[in-house]
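Content type JSON, C-alpha atoms, from the file target04.json:
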[["chain", "number", "residue", "atom", "x", "y", "z"],
["P", 1, "MET", "CA", 0.00, 0.00, 0.00],
["P", 2, "THR", "CA", 1.83, 3.05, -1.18],
["P", 3, "PRO", "CA", 1.14, 6.40, 0.51],
["P", 4, "ILE", "CA", 0.51, 8.00, -2.89],
["P", 5, "PHE", "CA", -2.38, 5.65, -3.49],
["P", 6, "VAL", "CA", -3.87, 6.29, -0.05],
["P", 7, "ILE", "CA", -3.60, 10.07, -0.38],
["P", 8, "SER", "CA", -5.11, 10.22, -3.85],
["P", 9, "ALA", "CA", -7.87, 7.74, -2.94],
["P", 10, "ALA", "CA", -8.88, 9.84, 0.06],
["P", 11, "LEU", "CA", -8.73, 12.99, -2.07],
["P", 12, "ALA", "CA", -10.84, 11.37, -4.81],
["P", 13, "VAL", "CA", -13.58, 10.37, -2.37],
["P", 14, "LEU", "CA", -13.49, 13.77, -0.66],
["P", 15, "THR", "CA", -13.68, 15.81, -3.88],
["P", 16, "THR", "CA", -16.44, 13.58, -5.29],
["P", 17, "ALA", "CA", -18.46, 14.02, -2.10],
["P", 18, "LEU", "CA", -17.92, 17.78, -2.34],
["P", 19, "ALA", "CA", -18.91, 17.72, -6.02],
["P", 20, "ILE", "CA", -22.32, 16.13, -5.45],
["P", 21, "THR", "CA", -23.19, 18.45, -2.55],
["P", 22, "ARG", "CA", -22.35, 21.86, -4.05],
["P", 23, "ALA", "CA", -25.13, 24.30, -4.95],
["P", 24, "ASN", "CA", -23.14, 26.02, -7.71],
["P", 25, "PRO", "CA", -22.62, 23.68, -10.72],
["P", 26, "VAL", "CA", -19.33, 25.30, -11.76],
["P", 27, "HIS", "CA", -17.78, 24.66, -8.33],
["P", 28, "ALA", "CA", -19.07, 21.10, -8.43],
["P", 29, "LEU", "CA", -17.56, 20.49, -11.87],
["P", 30, "LEU", "CA", -14.18, 21.87, -10.81],
["P", 31, "TYR", "CA", -14.19, 19.55, -7.78],
["P", 32, "PHE", "CA", -15.04, 16.67, -10.11],
["P", 33, "VAL", "CA", -12.09, 17.56, -12.36],
["P", 34, "VAL", "CA", -9.81, 17.35, -9.30],
["P", 35, "SER", "CA", -11.34, 13.97, -8.53],
["P", 36, "LEU", "CA", -10.54, 12.81, -12.09],
["P", 37, "LEU", "CA", -6.94, 13.93, -11.75],
["P", 38, "CYS", "CA", -6.68, 11.94, -8.50],
["P", 39, "MET", "CA", -8.10, 9.00, -10.41],
["P", 40, "ALA", "CA", -5.36, 9.36, -13.02],
["P", 41, "VAL", "CA", -2.73, 9.17, -10.26],
["P", 42, "ILE", "CA", -4.43, 6.04, -8.94],
["P", 43, "PHE", "CA", -4.36, 4.46, -12.41],
["P", 44, "TYR", "CA", -0.65, 5.19, -12.56],
["P", 45, "THR", "CA", 0.00, 3.56, -9.20],
["P", 46, "LEU", "CA", -2.03, 0.55, -10.34],
["P", 47, "GLY", "CA", 0.39, -0.01, -13.20],
["P", 48, "ALA", "CA", -1.73, 1.43, -16.04],
["P", 49, "PRO", "CA", 0.15, 4.49, -17.35],
["P", 50, "PHE", "CA", -1.76, 4.55, -20.65],
["P", 51, "ALA", "CA", -5.10, 4.69, -18.86],
["P", 52, "ALA", "CA", -3.78, 7.47, -16.61],
["P", 53, "ALA", "CA", -2.80, 9.56, -19.64],
["P", 54, "LEU", "CA", -6.19, 8.93, -21.26],
["P", 55, "GLU", "CA", -7.98, 9.93, -18.08],
["P", 56, "VAL", "CA", -6.18, 13.27, -18.01],
["P", 57, "ILE", "CA", -6.33, 14.03, -21.73],
["P", 58, "VAL", "CA", -9.75, 12.72, -22.69],
["P", 59, "TYR", "CA", -11.80, 12.78, -19.51],
["P", 60, "ALA", "CA", -10.52, 15.78, -17.57],
["P", 61, "GLY", "CA", -9.26, 17.62, -20.63],
["P", 62, "ALA", "CA", -11.99, 17.15, -23.21],
["P", 63, "ILE", "CA", -15.21, 15.78, -21.73],
["P", 64, "MET", "CA", -15.21, 17.82, -18.52],
["P", 65, "VAL", "CA", -14.18, 21.03, -20.29],
["P", 66, "LEU", "CA", -17.08, 20.53, -22.72],
["P", 67, "PHE", "CA", -19.35, 20.08, -19.72],
["P", 68, "LEU", "CA", -17.95, 23.23, -18.10],
["P", 69, "PHE", "CA", -18.43, 25.29, -21.29],
["P", 70, "VAL", "CA", -22.06, 24.24, -21.60],
["P", 71, "VAL", "CA", -22.74, 25.03, -17.95],
["P", 72, "MET", "CA", -21.18, 28.45, -18.41],
["P", 73, "MET", "CA", -23.28, 28.98, -21.56],
["P", 74, "LEU", "CA", -26.42, 28.30, -19.55],
["P", 75, "ALA", "CA", -25.60, 31.36, -17.41],
["P", 76, "LEU", "CA", -27.27, 30.30, -14.20],
["P", 77, "ASP", "CA", -28.40, 33.21, -12.08],
["P", 78, "GLN", "CA", -28.18, 33.67, -8.33],
["P", 79, "ALA", "CA", -31.81, 32.62, -7.86],
["P", 80, "ALA", "CA", -31.10, 29.18, -9.30],
["P", 81, "ILE", "CA", -28.19, 28.70, -6.90],
["P", 82, "LEU", "CA", -30.32, 29.80, -3.94],
["P", 83, "ARG", "CA", -33.09, 27.40, -4.96],
["P", 84, "GLU", "CA", -30.55, 24.61, -5.28],
["P", 85, "ARG", "CA", -29.19, 25.40, -1.81],
["P", 86, "ASP", "CA", -32.73, 25.17, -0.50],
["P", 87, "TRP", "CA", -33.09, 21.73, -2.11],
["P", 88, "ILE", "CA", -29.86, 20.47, -0.55],
["P", 89, "ALA", "CA", -30.97, 21.53, 2.93],
["P", 90, "ARG", "CA", -34.18, 19.47, 2.71],
["P", 91, "PRO", "CA", -34.37, 16.03, 4.33],
["P", 92, "SER", "CA", -34.63, 14.37, 0.91],
["P", 93, "TRP", "CA", -31.17, 12.89, 1.51],
["P", 94, "VAL", "CA", -32.29, 10.49, 4.25],
["P", 95, "LEU", "CA", -33.86, 7.70, 2.23],
["P", 96, "PRO", "CA", -31.23, 7.63, -0.56],
["P", 97, "LEU", "CA", -28.47, 7.64, 2.08],
["P", 98, "LEU", "CA", -30.13, 4.67, 3.75],
["P", 99, "LEU", "CA", -30.48, 2.75, 0.47],
["P", 100, "VAL", "CA", -26.92, 3.49, -0.63],
["P", 101, "GLY", "CA", -25.60, 2.54, 2.82],
["P", 102, "LEU", "CA", -27.41, -0.79, 2.59],
["P", 103, "LEU", "CA", -25.89, -1.44, -0.84],
["P", 104, "ALA", "CA", -22.45, -0.46, 0.49],
["P", 105, "ALA", "CA", -22.79, -2.91, 3.39],
["P", 106, "GLU", "CA", -23.80, -5.77, 1.09],
["P", 107, "LEU", "CA", -21.11, -5.19, -1.52],
["P", 108, "GLY", "CA", -18.42, -4.49, 1.08],
["P", 109, "ARG", "CA", -19.22, -7.73, 2.87],
["P", 110, "LEU", "CA", -19.05, -9.68, -0.40],
["P", 111, "MET", "CA", -15.73, -8.06, -1.27],
["P", 112, "LEU", "CA", -14.16, -8.71, 2.12],
["P", 113, "ARG", "CA", -15.08, -12.39, 2.05],
["P", 114, "GLY", "CA", -12.85, -13.47, -0.82],
["P", 115, "GLY", "CA", -9.43, -12.04, -0.06],
["P", 116, "THR", "CA", -6.48, -13.31, -2.04],
["P", 117, "GLN", "CA", -3.89, -10.60, -2.29],
["P", 118, "THR", "CA", -1.45, -10.50, -5.14],
["P", 119, "ALA", "CA", 1.15, -8.06, -6.30],
["P", 120, "PRO", "CA", 0.03, -5.72, -9.11],
["P", 121, "ILE", "CA", 1.25, -6.45, -12.60],
["P", 122, "SER", "CA", 2.09, -3.45, -14.73],
["P", 123, "VAL", "CA", 0.56, -3.34, -18.23],
["P", 124, "THR", "CA", 2.50, -1.30, -20.78],
["P", 125, "PRO", "CA", 0.80, 0.92, -23.40],
["P", 126, "GLN", "CA", 2.39, -1.31, -26.05],
["P", 127, "ALA", "CA", 0.50, -4.37, -24.82],
["P", 128, "VAL", "CA", -2.76, -2.38, -24.82],
["P", 129, "GLY", "CA", -2.22, -1.14, -28.36],
["P", 130, "VAL", "CA", -1.27, -4.54, -29.73],
["P", 131, "LYS", "CA", -4.29, -6.21, -28.20],
["P", 132, "LEU", "CA", -6.66, -3.37, -29.15],
["P", 133, "PHE", "CA", -5.71, -3.41, -32.82],
["P", 134, "THR", "CA", -5.37, -7.15, -33.34],
["P", 135, "THR", "CA", -7.79, -9.30, -31.36],
["P", 136, "ASP", "CA", -10.14, -6.56, -30.11],
["P", 137, "LEU", "CA", -10.65, -4.83, -33.43],
["P", 138, "ALA", "CA", -14.42, -5.32, -33.19],
["P", 139, "ALA", "CA", -14.46, -3.18, -30.06],
["P", 140, "VAL", "CA", -12.80, -0.32, -31.95],
["P", 141, "GLU", "CA", -15.39, -0.58, -34.72],
["P", 142, "LEU", "CA", -18.22, -0.70, -32.18],
["P", 143, "SER", "CA", -16.97, 2.39, -30.37],
["P", 144, "SER", "CA", -16.58, 4.24, -33.68],
["P", 145, "MET", "CA", -20.19, 3.39, -34.50],
["P", 146, "LEU", "CA", -21.25, 4.60, -31.05],
["P", 147, "LEU", "CA", -19.43, 7.89, -31.51],
["P", 148, "LEU", "CA", -20.91, 8.38, -34.99],
["P", 149, "ALA", "CA", -24.40, 7.75, -33.64],
["P", 150, "GLY", "CA", -23.74, 10.23, -30.84],
["P", 151, "LEU", "CA", -22.48, 12.81, -33.34],
["P", 152, "ILE", "CA", -25.51, 12.47, -35.62],
["P", 153, "ALA", "CA", -27.93, 12.55, -32.69],
["P", 154, "ALA", "CA", -26.28, 15.63, -31.19],
["P", 155, "PHE", "CA", -26.40, 17.36, -34.58],
["P", 156, "HIS", "CA", -30.06, 16.47, -35.05],
["P", 157, "LEU", "CA", -31.14, 17.49, -31.56],
["P", 158, "GLY", "CA", -29.08, 20.65, -31.58],
["P", 159, "ARG", "CA", -30.79, 22.25, -34.59],
["P", 160, "ARG", "CA", -32.64, 25.49, -34.01],
["P", 161, "ASP", "CA", -36.41, 25.39, -33.85],
["P", 162, "PRO", "CA", -37.96, 25.99, -37.29],
["O", 163, "MET", "CA", 2.43, -2.91, -3.42],
["O", 164, "ILE", "CA", -1.31, -2.38, -3.63],
["O", 165, "ALA", "CA", -3.59, -5.34, -3.08],
["O", 166, "TRP", "CA", -6.65, -5.42, -5.32],
["O", 167, "PRO", "CA", -9.35, -4.93, -2.62],
["O", 168, "ALA", "CA", -8.16, -1.37, -1.96],
["O", 169, "PRO", "CA", -8.87, 0.08, -5.44],
["O", 170, "ALA", "CA", -11.99, -2.09, -5.73],
["O", 171, "GLY", "CA", -13.26, -0.60, -2.48],
["O", 172, "LEU", "CA", -12.47, 2.87, -3.79],
["O", 173, "ALA", "CA", -14.46, 2.09, -6.95],
["O", 174, "LEU", "CA", -17.32, 0.91, -4.76],
["O", 175, "ALA", "CA", -17.23, 4.12, -2.69],
["O", 176, "LEU", "CA", -17.17, 6.34, -5.78],
["O", 177, "PHE", "CA", -20.00, 4.40, -7.44],
["O", 178, "LEU", "CA", -22.13, 4.75, -4.32],
["O", 179, "LEU", "CA", -21.41, 8.48, -4.12],
["O", 180, "GLY", "CA", -22.52, 8.82, -7.74],
["O", 181, "LEU", "CA", -25.66, 6.81, -7.02],
["O", 182, "LEU", "CA", -26.40, 9.00, -4.00],
["O", 183, "GLY", "CA", -26.05, 12.12, -6.12],
["O", 184, "LEU", "CA", -28.28, 10.62, -8.82],
["O", 185, "LEU", "CA", -30.98, 9.79, -6.27],
["O", 186, "THR", "CA", -30.95, 13.08, -4.38],
["O", 187, "ARG", "CA", -30.22, 15.92, -6.79],
["O", 188, "THR", "CA", -32.93, 17.20, -9.11],
["O", 189, "ASN", "CA", -30.79, 19.66, -11.07],
["O", 190, "LEU", "CA", -30.07, 18.00, -14.41],
["O", 191, "ILE", "CA", -26.44, 19.17, -14.45],
["O", 192, "PHE", "CA", -25.84, 17.20, -11.26],
["O", 193, "VAL", "CA", -27.72, 14.20, -12.62],
["O", 194, "LEU", "CA", -25.36, 14.10, -15.63],
["O", 195, "MET", "CA", -22.35, 14.57, -13.37],
["O", 196, "SER", "CA", -23.46, 11.72, -11.11],
["O", 197, "ILE", "CA", -23.73, 9.43, -14.13],
["O", 198, "GLU", "CA", -20.17, 10.42, -15.07],
["O", 199, "ILE", "CA", -18.99, 9.61, -11.53],
["O", 200, "MET", "CA", -20.56, 6.16, -11.74],
["O", 201, "LEU", "CA", -19.06, 5.45, -15.18],
["O", 202, "ASN", "CA", -15.68, 6.53, -13.88],
["O", 203, "ALA", "CA", -15.98, 4.18, -10.91],
["O", 204, "ALA", "CA", -16.74, 1.34, -13.32],
["O", 205, "GLY", "CA", -13.61, 2.29, -15.26],
["O", 206, "LEU", "CA", -11.54, 2.13, -12.07],
["O", 207, "LEU", "CA", -12.90, -1.35, -11.42],
["O", 208, "PHE", "CA", -11.85, -2.43, -14.94],
["O", 209, "ILE", "CA", -8.35, -1.06, -14.34],
["O", 210, "THR", "CA", -8.20, -2.88, -11.01],
["O", 211, "ALA", "CA", -9.17, -6.14, -12.69],
["O", 212, "GLY", "CA", -6.57, -5.53, -15.40],
["O", 213, "MET", "CA", -3.94, -5.02, -12.69],
["O", 214, "ARG", "CA", -5.04, -8.13, -10.81],
["O", 215, "TRP", "CA", -4.60, -10.42, -13.82],
["O", 216, "GLY", "CA", -1.98, -8.41, -15.68],
["O", 217, "ASP", "CA", -4.20, -8.24, -18.74],
["O", 218, "PRO", "CA", -4.50, -5.29, -21.19],
["O", 219, "ASP", "CA", -8.25, -5.94, -21.46],
["O", 220, "GLY", "CA", -8.86, -3.72, -18.43],
["O", 221, "GLN", "CA", -7.42, -0.67, -20.16],
["O", 222, "ILE", "CA", -9.24, -1.52, -23.41],
["O", 223, "MET", "CA", -12.51, -1.57, -21.49],
["O", 224, "LEU", "CA", -11.58, 1.80, -19.95],
["O", 225, "ILE", "CA", -11.20, 3.21, -23.48],
["O", 226, "LEU", "CA", -14.68, 1.91, -24.33],
["O", 227, "VAL", "CA", -16.07, 3.42, -21.13],
["O", 228, "LEU", "CA", -14.51, 6.76, -22.08],
["O", 229, "ASN", "CA", -16.18, 6.54, -25.51],
["O", 230, "LEU", "CA", -19.51, 5.78, -23.91],
["O", 231, "ALA", "CA", -19.13, 8.63, -21.42],
["O", 232, "GLY", "CA", -18.29, 11.08, -24.21],
["O", 233, "ALA", "CA", -21.23, 10.08, -26.41],
["O", 234, "GLU", "CA", -23.64, 10.03, -23.47],
["O", 235, "LEU", "CA", -22.50, 13.40, -22.16],
["O", 236, "ALA", "CA", -22.74, 15.06, -25.59],
["O", 237, "LEU", "CA", -26.35, 13.92, -25.99],
["O", 238, "GLY", "CA", -27.20, 14.81, -22.40],
["O", 239, "LEU", "CA", -25.79, 18.31, -22.80],
["O", 240, "VAL", "CA", -27.69, 18.89, -26.05],
["O", 241, "LEU", "CA", -30.91, 17.83, -24.36],
["O", 242, "LEU", "CA", -30.02, 20.12, -21.44],
["O", 243, "LEU", "CA", -29.62, 23.08, -23.81],
["O", 244, "ARG", "CA", -32.94, 22.29, -25.49],
["O", 245, "LEU", "CA", -34.68, 22.10, -22.14],
["O", 246, "ARG", "CA", -33.13, 25.36, -21.06],
["O", 247, "SER", "CA", -34.48, 27.09, -24.18],
["O", 248, "ARG", "CA", -38.02, 25.92, -23.29],
["O", 249, "LEU", "CA", -38.01, 26.31, -19.52],
["O", 250, "THR", "CA", -36.29, 28.89, -17.37],
["O", 251, "THR", "CA", -34.96, 26.32, -14.94],
["O", 252, "LEU", "CA", -32.88, 23.16, -15.11],
["O", 253, "ASP", "CA", -34.85, 21.42, -12.38],
["O", 254, "GLY", "CA", -35.67, 17.90, -13.54],
["O", 255, "ASP", "CA", -38.92, 17.93, -11.58],
["O", 256, "SER", "CA", -40.31, 20.83, -13.59],
["O", 257, "ALA", "CA", -39.80, 19.03, -16.91],
["O", 258, "THR", "CA", -42.73, 16.69, -16.44],
["O", 259, "LEU", "CA", -44.54, 17.56, -19.66],
["O", 260, "SER", "CA", -42.24, 16.93, -22.60],
["O", 261, "ARG", "CA", -45.06, 16.89, -25.16],
["O", 262, "ASP", "CA", -45.70, 19.85, -27.36],
["O", 263, "ALA", "CA", -48.46, 22.09, -26.08],
["O", 264, "PRO", "CA", -51.72, 21.56, -28.02]]
What does this structure look like when you write it as C-alpha cells?
Amino acid sequence: MTPIFVISAALAVLTTALAITRANPVHALLYFVVSLLCMAVIFYTLGAPFAAALEVIVYAGAIMVLFLFVVMMLALDQAAILRERDWIARPSWVLPLLLVGLLAAELGRLMLRGGTQTAPISVTPQAVGVKLFTTDLAAVELSSMLLLAGLIAAFHLGRRDP
Amino acid sequence: MIAWPAPAGLALALFLLGLLGLLTRTNLIFVLMSIEIMLNAAGLLFITAGMRWGDPDGQIMLILVLNLAGAELALGLVLLLRLRSRLTTLDGDSATLSRDAP
C-alpha cells in the first residue's frame, strides 16, 4: 500500500463528495475535475500508465471542459443557486443515504469475504495497443459506431427550432 | 504494493457516491455529473481487474467506457440546452410535460 495511493484515494472520495453536494454547478464540476486527476494518479500507481494519460487528456481535458463550457453557456443566475441550496438543505437525503448505505454494506461484505492478495502487474501501453488493434478490433469498430451515432444525434437534436 | 481490494473498495465508494447524487439531486447538471462519476468508478474497477490479472483488457474496457461517457454526455448536454431554451430552470422535476403544447 503506497502512501501516494492512499492520499489520492482519500482525495478522490473527498472531492467527489464535495462535487455532489455543491449548490453552484461550476464549483461542483471543478471539484469533479480534481477527482478525475486523483483517479489518473491512482491508475498510474495501479500499473496502467496509458489509462492514466487517457484519463487526463480525454476525460478531464476534453469531456469535462465541454461540460464546463455548456454550464457556463447556460448562465445560471443567483436565484437558481439559492433554490438549489434550499433543495440540498431538505431532508430528501435520508432515504437515498439509507439505500446506498445498505448497498455499500452488502457489496463491502461480499468483497471482504474473498481475499487473495497478489502483487500488481504493470501493463504497458504497447500491450494495450497490440491487443486493441489485433484481437479486439471489433471493439474499436463498435466504439466508432457509437461515436458516430452520438455525433448524428447531437447534430439532429441541436438544430434550431424551425 | 497495492492489493486489489483497496482500489476495488475505492471504486465501490465512488460508485455509491454517484448513485447518492443521482438519487438526491434534481438539477439535471448534477444528474449528468453523477452518471459520469458512476461510469468513472466502473472504469476504475476495470483497471483494477486488469492489474489483478496483468491483462491489457482492463485498459481496453476503460477506453470503451470513455467513448460511452463522451457520447452520453454530448447527448445529455444537447438535451439540457434544449430544455433550457423551453423552460427557465434546469430542475428535472419541472420538466414533467415533454409533449408539445396543443
Interface rows for chain O against chain P: nearest pair, Å to one decimal, 8 Å, all atoms listed in the file, as CSV:
residue,atom,partner,partner_atom,distance
O:Met163,CA,P:Met1,CA,5.1
O:Ile164,CA,P:Met1,CA,4.5
O:Ala165,CA,P:Gln117,CA,5.3
O:Trp166,CA,P:Gln117,CA,6.6
O:Pro167,CA,P:Met111,CA,7.2
O:Gly171,CA,P:Gly108,CA,7.4
O:Leu172,CA,P:Ala9,CA,6.8
O:Leu174,CA,P:Ala104,CA,7.5
O:Ala175,CA,P:Val13,CA,7.2
O:Leu176,CA,P:Val13,CA,6.4
O:Leu178,CA,P:Val100,CA,6.2
O:Leu179,CA,P:Ala17,CA,6.6
O:Gly180,CA,P:Ile20,CA,7.7
O:Leu181,CA,P:Val100,CA,7.3
O:Leu182,CA,P:Pro96,CA,6.1
O:Gly183,CA,P:Ile20,CA,5.5
O:Leu185,CA,P:Pro96,CA,6.1
O:Thr186,CA,P:Trp93,CA,5.9
O:Arg187,CA,P:Ile88,CA,7.7
O:Asn189,CA,P:Glu84,CA,7.6
O:Ile191,CA,P:Pro25,CA,7.0
O:Phe192,CA,P:Ile20,CA,6.9
O:Met195,CA,P:Leu29,CA,7.8
O:Ser196,CA,P:Ile20,CA,7.3
O:Ile199,CA,P:Thr16,CA,7.8
O:Leu206,CA,P:Phe43,CA,7.6
O:Ile209,CA,P:Phe43,CA,7.1
O:Thr210,CA,P:Leu46,CA,7.1
O:Gly212,CA,P:Val123,CA,8.0
O:Met213,CA,P:Ile121,CA,5.4
O:Arg214,CA,P:Pro120,CA,5.9
O:Trp215,CA,P:Ile121,CA,7.2
O:Gly216,CA,P:Ile121,CA,4.9
O:Asp217,CA,P:Val123,CA,6.9
O:Pro218,CA,P:Val128,CA,5.0
O:Asp219,CA,P:Val128,CA,7.4
O:Gln221,CA,P:Ala51,CA,6.0
O:Ile222,CA,P:Leu132,CA,6.6
O:Leu224,CA,P:Ala51,CA,7.2
O:Ile225,CA,P:Ala51,CA,7.8
O:Leu226,CA,P:Ser143,CA,6.5
O:Leu228,CA,P:Tyr59,CA,7.1
O:Asn229,CA,P:Ser143,CA,6.4
O:Leu230,CA,P:Leu146,CA,7.4
O:Gly232,CA,P:Ile63,CA,6.1
O:Ala233,CA,P:Gly150,CA,5.1
O:Glu234,CA,P:Gly150,CA,7.4
O:Leu235,CA,P:Ile63,CA,7.7
O:Ala236,CA,P:Ala154,CA,6.6
O:Leu237,CA,P:Ala154,CA,5.5
O:Leu239,CA,P:Val70,CA,7.1
O:Val240,CA,P:Gly158,CA,6.0
O:Leu241,CA,P:Leu157,CA,7.2
O:Leu243,CA,P:Leu74,CA,7.5
O:Arg244,CA,P:Gly158,CA,7.4
O:Arg246,CA,P:Leu74,CA,7.5
O:Thr251,CA,P:Ala80,CA,7.4
Atomic separation - atom CA of O:Gly238 relative to atom CA of O:Ala203, Å =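 According to the coordinates, atom CA of O:Ala203 and atom CA of O:Gly238 are separated by 19.3 Å.
Between atom CA of O:Ala173 and atom CA of O:Ala204 there is a distance of 6.8 Å.
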query = So how far away is atom CA of O:Leu194 from atom CA of O:Ala231, in Å?
reply =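 Distance between the two atoms: 10.1 Å.
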